[in-house]
$ cat final-v6.txt   # compact mmCIF, C-alpha atoms and all ligand atoms
# COMPACT_ATOMS: atom_id res chain seq x y z
CA MET P 1 -10.67 -14.85 55.17
CA MET P 2 -8.56 -16.57 52.57
CA GLU P 3 -6.01 -17.57 55.17
CA ILE P 4 -8.30 -19.49 57.55
CA CYS P 5 -7.03 -22.86 56.44
CA GLN P 6 -3.55 -23.26 55.18
CA PHE P 7 -3.04 -26.53 53.36
CA ILE P 8 0.25 -28.10 52.67
CA THR P 9 0.02 -31.11 50.43
CA ALA P 10 2.79 -33.60 50.85
CA ALA P 11 3.42 -36.78 48.92
CA SER P 12 5.47 -39.85 49.65
CA LEU P 13 5.93 -43.46 48.68
CA LEU P 14 4.72 -46.23 50.89
CA CYS P 15 6.07 -49.70 50.30
CA ALA P 16 3.97 -52.68 51.29
CA ALA P 17 5.36 -56.21 51.27
CA SER P 18 3.11 -59.13 51.94
CA SER P 19 3.96 -62.74 52.60
CA LEU P 20 2.39 -65.86 53.98
CA PRO P 21 4.07 -67.93 56.67
CA GLU P 22 7.25 -69.81 55.82
CA ARG P 23 6.91 -73.14 54.10
CA GLN P 24 6.36 -75.99 56.48
CA PHE P 25 7.59 -79.54 56.22
CA HIS P 26 5.38 -82.41 57.30
CA PHE P 27 6.66 -85.86 58.15
CA VAL P 28 4.23 -88.65 57.44
CA ASN P 29 4.77 -91.74 59.51
CA GLU P 30 3.15 -94.19 57.10
CA LEU P 31 4.60 -96.44 54.44
CA LYS P 32 3.60 -95.59 50.88
CA ASN P 33 5.00 -96.09 47.41
CA TRP P 34 6.06 -92.88 45.63
CA THR P 35 2.80 -92.37 43.70
CA GLU P 36 0.71 -92.94 46.84
CA ALA P 37 2.99 -90.55 48.69
CA GLN P 38 2.48 -87.85 46.04
CA SER P 39 -1.32 -88.25 46.10
CA PHE P 40 -1.37 -88.15 49.88
CA CYS P 41 0.74 -84.97 50.09
CA ARG P 42 -1.35 -83.25 47.39
CA GLU P 43 -4.57 -84.10 49.19
CA THR P 44 -3.37 -83.27 52.66
CA TYR P 45 -0.84 -80.45 52.23
CA ALA P 46 0.48 -78.95 49.02
CA ASP P 47 2.78 -81.57 47.54
CA LEU P 48 5.71 -83.86 48.19
CA VAL P 49 8.57 -81.82 49.58
CA THR P 50 10.82 -79.91 47.21
CA ILE P 51 14.34 -79.24 48.45
CA ARG P 52 15.69 -76.13 46.76
CA SER P 53 18.83 -75.18 48.64
CA MET P 54 21.25 -76.08 51.41
CA GLU P 55 19.02 -73.98 53.64
CA ASP P 56 16.20 -76.45 53.06
CA VAL P 57 18.57 -79.37 53.71
CA THR P 58 19.65 -77.79 56.99
CA ALA P 59 16.07 -77.03 57.99
CA LEU P 60 15.08 -80.65 57.38
CA ASN P 61 18.14 -82.02 59.15
CA ASN P 62 17.40 -79.85 62.16
CA MET P 63 13.88 -81.14 62.51
CA VAL P 64 13.71 -83.67 65.30
CA ASP P 65 11.22 -85.73 63.32
CA LEU P 66 13.83 -86.58 60.73
CA ASN P 67 15.16 -89.49 62.77
CA THR P 68 11.72 -91.02 62.90
CA VAL P 69 11.31 -91.00 59.13
CA VAL P 70 12.88 -94.36 58.63
CA ASN P 71 11.66 -97.59 57.17
CA MET P 72 13.10 -100.32 59.35
CA ASN P 73 11.76 -103.03 57.04
CA MET P 74 13.80 -101.97 54.04
CA ASP P 75 17.50 -102.04 54.78
CA SER P 76 20.11 -100.14 56.69
CA LYS P 77 19.73 -97.11 54.43
CA ASN P 78 16.69 -95.54 55.99
CA ARG P 79 14.89 -93.16 53.74
CA SER P 80 11.74 -91.22 53.02
CA TRP P 81 10.20 -90.05 49.79
CA ILE P 82 10.80 -86.53 48.47
CA GLY P 83 9.26 -84.88 45.40
CA LEU P 84 11.99 -85.81 42.93
CA PHE P 85 11.06 -88.21 40.12
CA ASP P 86 11.52 -89.47 36.58
CA ASP P 87 14.95 -90.96 36.04
CA VAL P 88 18.67 -90.64 36.29
CA HIS P 89 18.92 -88.38 33.24
CA SER P 90 16.04 -85.94 33.78
CA TRP P 91 15.09 -85.48 37.40
CA ARG P 92 12.12 -83.20 38.01
CA TRP P 93 10.22 -82.02 41.06
CA SER P 94 6.61 -82.90 41.77
CA ILE P 95 5.98 -79.15 42.13
CA SER P 96 6.46 -78.00 38.53
CA ASP P 97 5.30 -74.38 38.88
CA THR P 98 8.36 -72.33 37.88
CA ASN P 99 7.20 -69.41 40.08
CA PHE P 100 8.03 -71.58 43.04
CA TYR P 101 11.75 -71.57 42.20
CA LYS P 102 14.32 -68.83 42.10
CA ASP P 103 17.22 -69.11 39.62
CA GLY P 104 18.89 -72.49 39.89
CA GLU P 105 16.74 -73.76 42.75
CA ALA P 106 14.88 -76.34 40.66
CA GLN P 107 18.29 -77.79 39.74
CA PHE P 108 19.56 -78.06 43.31
CA ARG P 109 20.64 -81.64 44.16
CA ASN P 110 21.99 -83.25 47.28
CA TRP P 111 22.75 -86.82 46.17
CA GLY P 112 24.62 -89.23 48.37
CA GLY P 113 27.96 -90.59 47.14
CA GLY P 114 27.55 -92.69 43.98
CA GLU P 115 23.90 -91.68 43.60
CA PRO P 116 21.81 -91.52 41.54
CA ASN P 117 22.94 -94.94 40.35
CA ASN P 118 19.68 -96.19 38.80
CA PHE P 119 20.34 -99.58 40.37
CA GLN P 120 19.23 -102.42 38.08
CA GLY P 121 17.80 -99.76 35.75
CA SER P 122 14.70 -99.39 37.88
CA GLU P 123 15.23 -96.40 40.17
CA ARG P 124 13.11 -93.47 39.06
CA CYS P 125 12.00 -91.84 42.31
CA GLY P 126 13.89 -89.71 44.80
CA GLY P 127 14.25 -90.45 48.48
CA MET P 128 16.19 -88.94 51.33
CA TRP P 129 18.30 -90.87 53.80
CA ASP P 130 18.21 -89.98 57.46
CA ASN P 131 21.50 -88.09 56.97
CA GLY P 132 19.76 -85.68 54.57
CA LEU P 133 21.47 -87.02 51.43
CA TRP P 134 19.42 -88.30 48.50
CA ASN P 135 19.19 -91.59 46.69
CA ASP P 136 17.25 -92.71 43.63
CA ASN P 137 14.91 -95.48 44.55
CA TYR P 138 12.52 -98.09 43.19
CA CYS P 139 9.17 -96.21 42.96
CA GLU P 140 7.06 -99.20 44.03
CA GLY P 141 8.99 -99.65 47.26
CA THR P 142 7.28 -98.28 50.34
CA ASN P 143 8.81 -95.55 52.45
CA LYS P 144 7.74 -92.87 54.81
CA VAL P 145 6.96 -89.49 53.32
CA ILE P 146 7.92 -85.83 53.60
CA CYS P 147 5.26 -83.39 52.39
CA SER P 148 5.30 -79.61 52.46
CA ASP P 149 3.04 -76.64 52.29
CA VAL P 150 4.02 -74.31 49.50
CA GLN P 151 5.70 -71.06 50.38
CA VAL P 152 4.05 -68.27 48.47
CA PRO P 153 6.53 -65.73 47.12
CA VAL P 154 6.54 -62.31 48.73
CA SER P 155 4.77 -59.69 46.68
CA LYS P 156 5.70 -56.04 46.87
CA GLN P 157 3.70 -53.01 46.06
CA VAL P 158 4.70 -49.36 46.06
CA VAL P 159 1.96 -46.88 46.77
CA LYS P 160 2.14 -43.11 46.51
CA VAL P 161 0.60 -41.37 49.47
CA LYS P 162 -0.70 -37.80 49.43
CA LEU P 163 -1.45 -36.07 52.68
CA VAL P 164 -3.07 -32.73 53.30
CA LYS P 165 -1.36 -31.15 56.26
CA THR P 166 -3.45 -28.88 58.44
CA SER P 167 -1.16 -28.46 61.41
CA SER P 168 2.45 -27.68 62.07
CA VAL P 169 3.36 -31.34 62.53
CA ASP P 170 6.65 -32.30 60.86
CA LEU P 171 5.90 -35.14 58.46
CA ASN P 172 9.55 -36.12 58.35
CA ASP P 173 9.76 -36.59 62.09
CA PRO P 174 10.54 -40.33 62.61
CA ALA P 175 7.90 -40.61 65.36
CA VAL P 176 5.26 -39.09 63.10
CA LEU P 177 6.27 -41.41 60.24
CA GLU P 178 6.10 -44.43 62.54
CA ASP P 179 2.67 -43.40 63.73
CA LEU P 180 1.44 -43.00 60.15
CA LEU P 181 2.67 -46.52 59.29
CA LYS P 182 0.73 -47.91 62.24
CA LYS P 183 -2.42 -46.14 61.07
CA PHE P 184 -2.03 -47.43 57.51
CA GLY P 185 -1.43 -50.93 58.86
CA GLN P 186 -4.61 -50.76 60.91
CA LYS P 187 -6.53 -49.53 57.86
CA LEU P 188 -5.37 -52.57 55.89
CA LYS P 189 -6.47 -54.88 58.70
CA ASP P 190 -9.84 -53.12 58.92
CA ASN P 191 -10.24 -53.82 55.21
CA SER P 192 -9.49 -57.52 55.74
CA VAL P 193 -6.18 -57.57 53.90
CA ASP P 194 -4.82 -61.07 54.51
CA GLY P 195 -1.31 -62.24 55.19
CA ASP P 196 1.65 -60.82 56.98
CA VAL P 197 1.90 -57.29 55.61
CA LYS P 198 4.97 -55.22 56.30
CA LEU P 199 4.91 -51.49 55.61
CA SER P 200 7.87 -49.19 55.20
CA TRP P 201 8.64 -45.74 53.86
CA ARG P 202 10.85 -45.21 50.88
CA ASP P 203 13.37 -42.37 50.85
CA GLN P 204 12.72 -40.10 47.94
CA SER P 205 15.52 -37.60 48.01
CA GLU P 206 18.16 -36.58 50.54
CA GLY P 207 16.68 -38.82 53.21
CA GLU P 208 13.36 -36.99 53.16
CA ILE P 209 10.27 -39.15 53.09
CA PHE P 210 7.71 -36.45 52.40
CA HIS P 211 8.19 -33.54 50.09
CA LYS P 212 5.93 -30.64 49.29
CA ASP P 213 3.81 -31.30 46.23
CA LYS P 214 4.19 -28.89 43.34
CA CA Y 1 20.05 -95.54 44.07
$ encode --input "final-v6.txt" --output "structure tokens" --more "lines below"
Ligand SMILES: [Ca+2]
Amino acid sequence: MMEICQFITAASLLCAASSLPERQFHFVNELKNWTEAQSFCRETYADLVTIRSMEDVTALNNMVDLNTVVNMNMDSKNRSWIGLFDDVHSWRWSISDTNFYKDGEAQFRNWGGGEPNNFQGSERCGGMWDNGLWNDNYCEGTNKVICSDVQVPVSKQVVKVKLVKTSSVDLNDPAVLEDLLKKFGQKLKDNSVDGDVKLSWRDQSEGEIFHKDK
């Protein structure tokens, strides 16, 4: 009688990483001064664009819209506003939340040759030329605008999973593990967990995912 059900309890660690879609850049085909541009981006998207790395520069340069972000009325140096402001000695980004930046990213700069030059002592706002390089600019001048949605950092959570095994199924069989992940993923969806959630198993010892609980 005692042997009718044989339970094997097994425990493992499940790792869940969640992220929202990549940050998106938005080109605004209207002429605004820097302050108007900032207000517009904050109302419509998240903020004026922050450029944190060469990856961002490349992403912007690869966007077909970049060539259209020019102000033909100004001069030969076509440009659009980005989120950089203040002055030649203390540039800051419109997005000030430090969580938004990894080490060094808030200090990334991509100035054009000889810039920032604070021409006539009146250039306190950052713009980008159509070649992707930056220039400090007169804030009251009107340019087109690049806004962005904010990329939310990925959050990770490690969860310990305990299973009661009632059959001879091998919990360390890759197919079984894969199937369990799918079921957990579905459970999260059923419980309206938002965002792009990625689940994975974490090796505990000697490549084994599950081990028998003591
Ligand atoms: Ca300048």
$ residues_near_ligand --input "final-v6.txt" --ligand "ligand CA 1 (chain Y)" --cutoff "7 Å" --atoms "all atoms listed in the file" --output "MDAnalysis selection string"
chainID P and resid 115:119 123 135:137
$ write_last_selection --input "final-v6.txt" --atoms "C-alpha atoms" --output "short mmCIF file (atom, residue, chain, number, x, y, z; two decimals), in the coordinates of the input"
data_model
loop_
_atom_site.label_atom_id
_atom_site.label_comp_id
_atom_site.auth_asym_id
_atom_site.auth_seq_id
_atom_site.Cartn_x
_atom_site.Cartn_y
_atom_site.Cartn_z
CA GLU P 115 23.90 -91.68 43.60
CA PRO P 116 21.81 -91.52 41.54
CA ASN P 117 22.94 -94.94 40.35
CA ASN P 118 19.68 -96.19 38.80
CA PHE P 119 20.34 -99.58 40.37
CA GLU P 123 15.23 -96.40 40.17
CA ASN P 135 19.19 -91.59 46.69
CA ASP P 136 17.25 -92.71 43.63
CA ASN P 137 14.91 -95.48 44.55
#
$ closest_residue --input "final-v6.txt" --among "P:Cys125, P:Val159, P:Met54, P:Val150" --to "Arg109 (chain P)" --atoms "only C-alpha atoms"
P:Met54
$ residues_around --input "final-v6.txt" --residues "region 184-187 of chain P" --least-positions-apart "4" --cutoff "8 Å" --atoms "all atoms listed in the file" --output "PDB file with C-alpha atoms, keeping the file's coordinate frame"
ATOM      1  CA  LEU P 180       1.440 -43.000  60.150  1.00  0.00           C
ATOM      2  CA  ASN P 191     -10.240 -53.820  55.210  1.00  0.00           C
ATOM      3  CA  VAL P 197       1.900 -57.290  55.610  1.00  0.00           C
ATOM      4  CA  LEU P 199       4.910 -51.490  55.610  1.00  0.00           C
TER       5      LEU P 199
END
$ closest_residue --input "final-v6.txt" --among "P:Asp130, P:Glu208, P:Asp170, P:Asp47" --to "Asn61 (chain P)" --atoms "only C-alpha atoms"
P:Asp130
$ atom_distance --input "final-v6.txt" --atom1 "CA of Val57 (chain P)" --atom2 "CA of Gly132 (chain P)"
6.5 Å
$ atom_distance --input "final-v6.txt" --atom1 "CA of Leu177 (chain P)" --atom2 "CA of Glu206 (chain P)"
16.1 Å
$ atom_distance --input "final-v6.txt" --atom1 "CA of Ile51 (chain P)" --atom2 "CA of Gln38 (chain P)"
14.9 Å
$ residues_around --input "final-v6.txt" --residues "Ser80 (chain P)" --least-positions-apart "5" --cutoff "6 Å" --atoms "only C-alpha atoms" --output "number ranges by chain"
P: 127-128, 143-145
$ write_last_selection --input "final-v6.txt" --atoms "C-alpha atoms" --output "mmCIF file, in the frame of the given file"
data_model
loop_
_atom_site.group_PDB
_atom_site.id
_atom_site.type_symbol
_atom_site.label_atom_id
_atom_site.label_comp_id
_atom_site.auth_asym_id
_atom_site.auth_seq_id
_atom_site.Cartn_x
_atom_site.Cartn_y
_atom_site.Cartn_z
ATOM 1 C CA GLY P 127 14.250 -90.450 48.480
ATOM 2 C CA MET P 128 16.190 -88.940 51.330
ATOM 3 C CA ASN P 143 8.810 -95.550 52.450
ATOM 4 C CA LYS P 144 7.740 -92.870 54.810
ATOM 5 C CA VAL P 145 6.960 -89.490 53.320
#
$ closest_residue --input "final-v6.txt" --among "P:Ser192, P:Thr98, P:Asn131, P:Asn172" --to "Gly207 (chain P)" --atoms "all atoms listed in the file"
P:Asn172
